[in-house]
$ cat input-v4.tsv   # TSV, C-alpha atoms
chain	number	residue	atom	x	y	z
A	8	MET	CA	8.68	-89.87	-38.74
A	9	ARG	CA	8.83	-93.53	-39.21
A	10	GLU	CA	7.81	-93.18	-42.75
A	11	ILE	CA	10.62	-90.80	-43.43
A	12	MET	CA	13.05	-93.23	-42.06
A	13	MET	CA	11.65	-96.03	-44.08
A	14	LEU	CA	11.81	-94.12	-47.28
A	15	ALA	CA	15.31	-93.10	-46.54
A	16	ALA	CA	16.23	-96.66	-45.79
A	17	GLU	CA	14.81	-97.83	-49.13
A	18	GLY	CA	16.58	-95.19	-51.16
A	19	GLY	CA	19.78	-95.85	-49.47
A	20	GLU	CA	20.42	-92.32	-48.63
A	21	GLU	CA	20.54	-91.08	-45.18
A	22	VAL	CA	18.12	-88.25	-44.44
A	23	ASN	CA	18.89	-85.68	-41.82
A	24	PRO	CA	15.70	-84.86	-39.94
A	25	LEU	CA	16.97	-81.37	-39.07
A	26	VAL	CA	17.43	-80.18	-42.66
A	27	PRO	CA	14.15	-79.26	-44.38
A	28	GLU	CA	13.28	-80.15	-47.91
A	29	THR	CA	14.00	-77.72	-50.73
A	30	TYR	CA	10.35	-77.00	-51.48
A	31	ASP	CA	9.83	-76.13	-47.80
A	32	ILE	CA	12.71	-73.68	-47.93
A	33	VAL	CA	11.37	-72.07	-51.14
A	34	TRP	CA	7.85	-71.71	-49.81
A	35	SER	CA	9.18	-70.35	-46.52
A	36	ILE	CA	11.25	-67.74	-48.40
A	37	VAL	CA	8.18	-66.75	-50.48
A	38	CYS	CA	6.08	-66.40	-47.31
A	39	VAL	CA	8.78	-64.35	-45.57
A	40	ILE	CA	9.05	-62.08	-48.64
A	41	VAL	CA	5.23	-61.60	-48.78
A	42	VAL	CA	5.02	-60.93	-45.03
A	43	GLY	CA	8.07	-58.61	-45.27
A	44	LEU	CA	6.47	-56.66	-48.14
A	45	LEU	CA	3.17	-56.38	-46.27
A	46	PHE	CA	5.06	-55.38	-43.16
A	47	TRP	CA	7.09	-52.81	-45.17
A	48	LYS	CA	4.03	-51.47	-46.94
A	49	TYR	CA	1.53	-51.23	-44.04
A	50	VAL	CA	3.02	-51.81	-40.61
A	51	ILE	CA	6.29	-49.84	-40.77
A	52	PRO	CA	4.61	-46.61	-42.06
A	53	ARG	CA	2.02	-46.79	-39.27
A	54	VAL	CA	4.67	-47.44	-36.63
A	55	THR	CA	6.81	-44.65	-38.07
A	56	LYS	CA	3.81	-42.32	-38.09
A	57	THR	CA	2.94	-43.22	-34.50
A	58	LEU	CA	6.57	-42.71	-33.40
A	59	GLU	CA	6.69	-39.35	-35.18
A	60	GLU	CA	3.41	-38.28	-33.51
A	61	ARG	CA	4.75	-39.31	-30.12
A	62	THR	CA	8.00	-37.48	-30.83
A	63	ASP	CA	6.04	-34.38	-31.84
A	64	LYS	CA	3.88	-34.64	-28.72
A	65	ILE	CA	6.92	-35.03	-26.50
A	66	GLU	CA	8.81	-32.21	-28.20
A	67	GLY	CA	5.66	-30.06	-28.20
A	68	GLY	CA	5.11	-30.84	-24.54
A	69	ILE	CA	8.68	-29.88	-23.79
A	70	ALA	CA	8.30	-26.70	-25.82
A	71	ARG	CA	5.01	-25.90	-24.06
A	72	ALA	CA	6.63	-26.61	-20.71
A	73	GLU	CA	9.54	-24.32	-21.58
A	74	ALA	CA	7.11	-21.63	-22.77
A	75	ALA	CA	5.05	-22.02	-19.59
A	76	GLN	CA	8.22	-21.83	-17.52
A	77	ALA	CA	9.35	-18.70	-19.38
A	78	GLU	CA	5.89	-17.17	-18.91
A	79	ALA	CA	5.95	-18.08	-15.23
A	80	GLN	CA	9.39	-16.49	-14.90
A	81	GLN	CA	8.15	-13.35	-16.65
A	82	THR	CA	5.07	-13.26	-14.41
A	83	LEU	CA	7.31	-13.67	-11.37
A	84	GLN	CA	9.47	-10.77	-12.51
A	85	GLN	CA	6.38	-8.63	-13.10
A	86	TYR	CA	5.07	-9.56	-9.66
A	87	GLN	CA	8.40	-8.70	-8.06
A	88	GLN	CA	8.47	-5.38	-9.95
A	89	GLN	CA	4.91	-4.60	-8.85
A	90	LEU	CA	5.83	-5.53	-5.29
A	91	ALA	CA	8.87	-3.23	-5.41
A	92	ASP	CA	6.70	-0.45	-6.88
A	93	ALA	CA	4.10	-1.01	-4.17
A	94	ARG	CA	6.78	-0.80	-1.50
A	95	LEU	CA	8.08	2.46	-2.98
A	96	GLU	CA	4.53	3.82	-3.15
A	97	ALA	CA	3.91	2.80	0.47
A	98	ALA	CA	7.14	4.52	1.54
A	99	ARG	CA	6.13	7.65	-0.37
A	100	ILE	CA	2.66	7.60	1.20
A	101	ARG	CA	4.18	7.17	4.67
A	102	GLU	CA	6.53	10.08	4.02
A	103	ASP	CA	3.66	12.22	2.72
A	104	ALA	CA	1.59	11.32	5.77
A	105	ARG	CA	4.49	12.17	8.07
A	106	THR	CA	4.97	15.52	6.28
A	107	GLN	CA	1.26	16.27	6.42
A	108	GLY	CA	1.21	15.32	10.10
A	109	GLN	CA	4.05	17.73	10.80
A	110	GLN	CA	2.27	20.43	8.82
A	111	ILE	CA	-0.96	19.78	10.73
A	112	LEU	CA	0.92	19.93	14.04
A	113	ALA	CA	2.61	23.18	13.01
A	114	GLN	CA	-0.76	24.61	11.92
A	115	MET	CA	-2.36	23.50	15.19
A	116	ARG	CA	0.48	25.09	17.16
A	117	THR	CA	0.08	28.30	15.17
A	118	ASP	CA	-3.69	28.24	15.68
A	119	ALA	CA	-3.28	27.48	19.38
A	120	GLN	CA	-0.77	30.33	19.75
A	121	ALA	CA	-3.12	32.70	17.90
A	122	GLU	CA	-6.04	31.58	20.08
A	123	SER	CA	-3.88	32.01	23.18
A	124	ASP	CA	-2.85	35.49	22.06
A	125	ARG	CA	-6.49	36.33	21.34
A	126	ILE	CA	-7.57	35.08	24.78
A	127	VAL	CA	-4.76	37.02	26.48
A	128	ALA	CA	-5.67	40.16	24.51
A	129	ALA	CA	-9.33	39.69	25.41
A	130	GLY	CA	-8.31	39.21	29.05
A	131	HIS	CA	-6.22	42.38	28.94
A	132	SER	CA	-9.03	44.38	27.36
A	133	GLN	CA	-11.48	42.96	29.90
A	134	LEU	CA	-9.07	43.83	32.71
A	135	GLU	CA	-8.67	47.33	31.28
A	136	ALA	CA	-12.46	47.73	31.05
A	137	GLN	CA	-12.85	46.53	34.63
A	138	ARG	CA	-10.06	48.87	35.73
A	139	GLN	CA	-11.82	51.79	34.03
A	140	GLN	CA	-15.11	50.76	35.59
A	141	ILE	CA	-13.49	50.49	39.03
A	142	LEU	CA	-11.80	53.87	38.55
A	143	THR	CA	-15.11	55.41	37.55
A	144	GLU	CA	-16.88	53.87	40.55
A	145	LEU	CA	-14.01	54.87	42.79
A	146	ARG	CA	-14.12	58.46	41.51
A	147	SER	CA	-17.83	58.73	42.14
A	148	GLU	CA	-17.41	57.14	45.59
A	149	VAL	CA	-14.44	59.36	46.42
A	150	GLY	CA	-16.38	62.36	45.08
A	151	ARG	CA	-19.37	61.61	47.27
A	152	THR	CA	-17.15	61.04	50.24
A	153	ALA	CA	-15.29	64.28	49.51
A	154	VAL	CA	-18.59	66.18	49.17
A	155	ASP	CA	-19.86	64.68	52.43
A	156	LEU	CA	-16.61	65.62	54.17
A	157	ALA	CA	-16.65	69.10	52.66
A	158	GLU	CA	-20.24	69.61	53.84
A	159	LYS	CA	-19.28	68.52	57.31
A	160	ILE	CA	-16.19	70.73	57.36
A	161	ILE	CA	-17.84	73.78	55.83
A	162	GLY	CA	-21.09	73.22	57.55
A	163	GLN	CA	-23.16	74.01	54.53
A	164	SER	CA	-24.66	71.99	51.81
A	165	VAL	CA	-22.79	71.72	48.60
A	166	SER	CA	-25.72	70.44	46.65
A	167	ASP	CA	-25.11	72.10	43.36
A	168	GLU	CA	-24.35	69.31	40.94
A	169	ALA	CA	-22.09	71.37	38.71
A	170	LYS	CA	-20.07	72.55	41.66
A	171	GLN	CA	-19.85	69.02	43.00
A	172	ALA	CA	-18.62	67.67	39.68
A	173	ALA	CA	-16.06	70.47	39.31
A	174	SER	CA	-14.83	69.98	42.88
A	175	ILE	CA	-14.57	66.24	42.47
A	176	ASP	CA	-12.72	66.53	39.16
A	177	LYS	CA	-10.31	69.07	40.64
A	178	PHE	CA	-9.69	66.90	43.68
A	179	LEU	CA	-9.09	63.78	41.57
A	180	SER	CA	-6.77	65.58	39.15
A	181	GLU	CA	-4.75	66.81	42.11
A	182	LEU	CA	-4.74	63.27	43.41
A	183	ASP	CA	-3.55	61.98	40.03
A	184	ASP	CA	-0.80	64.59	39.90
A	185	THR	CA	0.33	63.64	43.37
A	186	ASP	CA	0.34	59.94	42.37
A	187	ALA	CA	2.28	60.75	39.20
A	188	ILE	CA	4.89	62.71	41.16
A	189	GLY	CA	5.18	59.88	43.70
A	190	VAL	CA	5.50	57.24	40.95
A	191	GLY	CA	8.03	59.34	39.02
A	192	ARG	CA	10.46	59.42	41.93

$ encode --input "input-v4.tsv" --output "structure tokens"
Amino acid sequence: MREIMMLAAEGGEEVNPLVPETYDIVWSIVCVIVVGLLFWKYVIPRVTKTLEERTDKIEGGIARAEAAQAEAQQTLQQYQQQLADARLEAARIREDARTQGQQILAQMRTDAQAESDRIVAAGHSQLEAQRQQILTELRSEVGRTAVDLAEKIIGQSVSDEAKQAASIDKFLSELDDTDAIGVGR
């Protein structure tokens, strides 16, 4: 810097240290133009390309997110529809089961009533058979008793089987007629 001041002092002109020389300004402009051209030619296209790729990725990500959200919404609606269908199906199955249960109960009641009627009818037929058996036994017992009494009253033996049977039948028919007259009153 001293040298600059000395030269300026010899020439008589005053030099401002803040103002560069003309050749420095020219060379600086040439360098800035070369760097600007290189920057324009190589750096700006790469930066622009990178920015466009990032923009595409962001927009694509947003589009994918919107598509995923739409798909999730559609899946949710399908799930809710399936759930509603399942609830309707469950209600239908419950109603069918209730109906079948009522039918089964009605069938069981019908079967139980039929079985009860069959048992009562069997009881009646068994009672009728026992009644007939008792009547038959009673007739033979009454017949023997009547024959024994007749033998004692008459004093002779009434041992003829045919006569005994005819006498017993006659006696019992008279007894039945007397019972029928007494019941009819």

$ atom_distance --input "input-v4.tsv" --atom1 "atom CA of Gly43 of chain A" --atom2 "atom CA of Thr55 of chain A"
15.8 Å

$ atom_distance --input "input-v4.tsv" --atom1 "atom CA of Asp63 of chain A" --atom2 "atom CA of Ala75 of chain A"
17.4 Å

$ atom_distance --input "input-v4.tsv" --atom1 "atom CA of Lys177 of chain A" --atom2 "atom CA of Glu158 of chain A"
16.5 Å

$ residues_around --input "input-v4.tsv" --residues "Phe178 of chain A" --least-positions-apart "5" --cutoff "10 Å" --atoms "all atoms listed in the file" --output "PyMOL selection string"
chain A and resi 146+149-150+153+172-173+183-184

$ build_atoms --input "input-v4.tsv" --residues "segment 132-158 of chain A" --atoms "N, CA and C atoms" --output "PDB file, in the coordinates of the input"
ATOM      1  N   SER A 132      -8.008  43.337  27.624  1.00  0.00           N
ATOM      2  CA  SER A 132      -9.030  44.380  27.360  1.00  0.00           C
ATOM      3  C   SER A 132     -10.130  44.304  28.423  1.00  0.00           C
ATOM      4  N   GLN A 133     -10.458  43.078  28.850  1.00  0.00           N
ATOM      5  CA  GLN A 133     -11.480  42.960  29.900  1.00  0.00           C
ATOM      6  C   GLN A 133     -10.950  43.545  31.214  1.00  0.00           C
ATOM      7  N   LEU A 134      -9.669  43.256  31.494  1.00  0.00           N
ATOM      8  CA  LEU A 134      -9.070  43.830  32.710  1.00  0.00           C
ATOM      9  C   LEU A 134      -9.041  45.358  32.630  1.00  0.00           C
ATOM     10  N   GLU A 135      -8.699  45.877  31.452  1.00  0.00           N
ATOM     11  CA  GLU A 135      -8.670  47.330  31.280  1.00  0.00           C
ATOM     12  C   GLU A 135     -10.064  47.926  31.454  1.00  0.00           C
ATOM     13  N   ALA A 136     -11.078  47.237  30.896  1.00  0.00           N
ATOM     14  CA  ALA A 136     -12.460  47.730  31.050  1.00  0.00           C
ATOM     15  C   ALA A 136     -12.874  47.688  32.511  1.00  0.00           C
ATOM     16  N   GLN A 137     -12.502  46.616  33.214  1.00  0.00           N
ATOM     17  CA  GLN A 137     -12.850  46.530  34.630  1.00  0.00           C
ATOM     18  C   GLN A 137     -12.109  47.595  35.432  1.00  0.00           C
ATOM     19  N   ARG A 138     -10.848  47.828  35.055  1.00  0.00           N
ATOM     20  CA  ARG A 138     -10.060  48.870  35.730  1.00  0.00           C
ATOM     21  C   ARG A 138     -10.728  50.226  35.545  1.00  0.00           C
ATOM     22  N   GLN A 139     -11.151  50.508  34.299  1.00  0.00           N
ATOM     23  CA  GLN A 139     -11.820  51.790  34.030  1.00  0.00           C
ATOM     24  C   GLN A 139     -13.129  51.875  34.813  1.00  0.00           C
ATOM     25  N   GLN A 140     -13.845  50.753  34.854  1.00  0.00           N
ATOM     26  CA  GLN A 140     -15.110  50.760  35.590  1.00  0.00           C
ATOM     27  C   GLN A 140     -14.856  50.991  37.075  1.00  0.00           C
ATOM     28  N   ILE A 141     -13.829  50.322  37.614  1.00  0.00           N
ATOM     29  CA  ILE A 141     -13.490  50.490  39.030  1.00  0.00           C
ATOM     30  C   ILE A 141     -13.041  51.923  39.290  1.00  0.00           C
ATOM     31  N   LEU A 142     -12.238  52.478  38.371  1.00  0.00           N
ATOM     32  CA  LEU A 142     -11.800  53.870  38.550  1.00  0.00           C
ATOM     33  C   LEU A 142     -13.002  54.824  38.534  1.00  0.00           C
ATOM     34  N   THR A 143     -13.933  54.555  37.621  1.00  0.00           N
ATOM     35  CA  THR A 143     -15.110  55.410  37.550  1.00  0.00           C
ATOM     36  C   THR A 143     -15.924  55.296  38.842  1.00  0.00           C
ATOM     37  N   GLU A 144     -16.124  54.066  39.298  1.00  0.00           N
ATOM     38  CA  GLU A 144     -16.880  53.870  40.550  1.00  0.00           C
ATOM     39  C   GLU A 144     -16.144  54.504  41.726  1.00  0.00           C
ATOM     40  N   LEU A 145     -14.818  54.317  41.704  1.00  0.00           N
ATOM     41  CA  LEU A 145     -14.010  54.870  42.790  1.00  0.00           C
ATOM     42  C   LEU A 145     -14.079  56.400  42.786  1.00  0.00           C
ATOM     43  N   ARG A 146     -14.026  56.987  41.590  1.00  0.00           N
ATOM     44  CA  ARG A 146     -14.120  58.460  41.510  1.00  0.00           C
ATOM     45  C   ARG A 146     -15.451  58.956  42.056  1.00  0.00           C
ATOM     46  N   SER A 147     -16.525  58.258  41.651  1.00  0.00           N
ATOM     47  CA  SER A 147     -17.830  58.730  42.140  1.00  0.00           C
ATOM     48  C   SER A 147     -17.930  58.532  43.651  1.00  0.00           C
ATOM     49  N   GLU A 148     -17.371  57.397  44.150  1.00  0.00           N
ATOM     50  CA  GLU A 148     -17.410  57.140  45.590  1.00  0.00           C
ATOM     51  C   GLU A 148     -16.539  58.154  46.340  1.00  0.00           C
ATOM     52  N   VAL A 149     -15.324  58.384  45.786  1.00  0.00           N
ATOM     53  CA  VAL A 149     -14.440  59.360  46.420  1.00  0.00           C
ATOM     54  C   VAL A 149     -15.077  60.760  46.346  1.00  0.00           C
ATOM     55  N   GLY A 150     -15.722  61.048  45.225  1.00  0.00           N
ATOM     56  CA  GLY A 150     -16.380  62.360  45.080  1.00  0.00           C
ATOM     57  C   GLY A 150     -17.490  62.523  46.102  1.00  0.00           C
ATOM     58  N   ARG A 151     -18.296  61.504  46.283  1.00  0.00           N
ATOM     59  CA  ARG A 151     -19.370  61.610  47.270  1.00  0.00           C
ATOM     60  C   ARG A 151     -18.813  61.740  48.681  1.00  0.00           C
ATOM     61  N   THR A 152     -17.760  60.964  48.915  1.00  0.00           N
ATOM     62  CA  THR A 152     -17.150  61.040  50.240  1.00  0.00           C
ATOM     63  C   THR A 152     -16.537  62.428  50.450  1.00  0.00           C
ATOM     64  N   ALA A 153     -15.887  62.939  49.405  1.00  0.00           N
ATOM     65  CA  ALA A 153     -15.290  64.280  49.510  1.00  0.00           C
ATOM     66  C   ALA A 153     -16.364  65.335  49.730  1.00  0.00           C
ATOM     67  N   VAL A 154     -17.497  65.210  49.004  1.00  0.00           N
ATOM     68  CA  VAL A 154     -18.590  66.180  49.170  1.00  0.00           C
ATOM     69  C   VAL A 154     -19.148  66.070  50.577  1.00  0.00           C
ATOM     70  N   ASP A 155     -19.333  64.847  51.071  1.00  0.00           N
ATOM     71  CA  ASP A 155     -19.860  64.680  52.430  1.00  0.00           C
ATOM     72  C   ASP A 155     -18.899  65.303  53.454  1.00  0.00           C
ATOM     73  N   LEU A 156     -17.590  65.044  53.258  1.00  0.00           N
ATOM     74  CA  LEU A 156     -16.610  65.620  54.170  1.00  0.00           C
ATOM     75  C   LEU A 156     -16.588  67.146  54.073  1.00  0.00           C
ATOM     76  N   ALA A 157     -16.666  67.642  52.848  1.00  0.00           N
ATOM     77  CA  ALA A 157     -16.650  69.100  52.660  1.00  0.00           C
ATOM     78  C   ALA A 157     -17.876  69.724  53.326  1.00  0.00           C
ATOM     79  N   GLU A 158     -19.030  69.073  53.206  1.00  0.00           N
ATOM     80  CA  GLU A 158     -20.240  69.610  53.840  1.00  0.00           C
ATOM     81  C   GLU A 158     -20.081  69.620  55.352  1.00  0.00           C
TER      82      GLU A 158
END
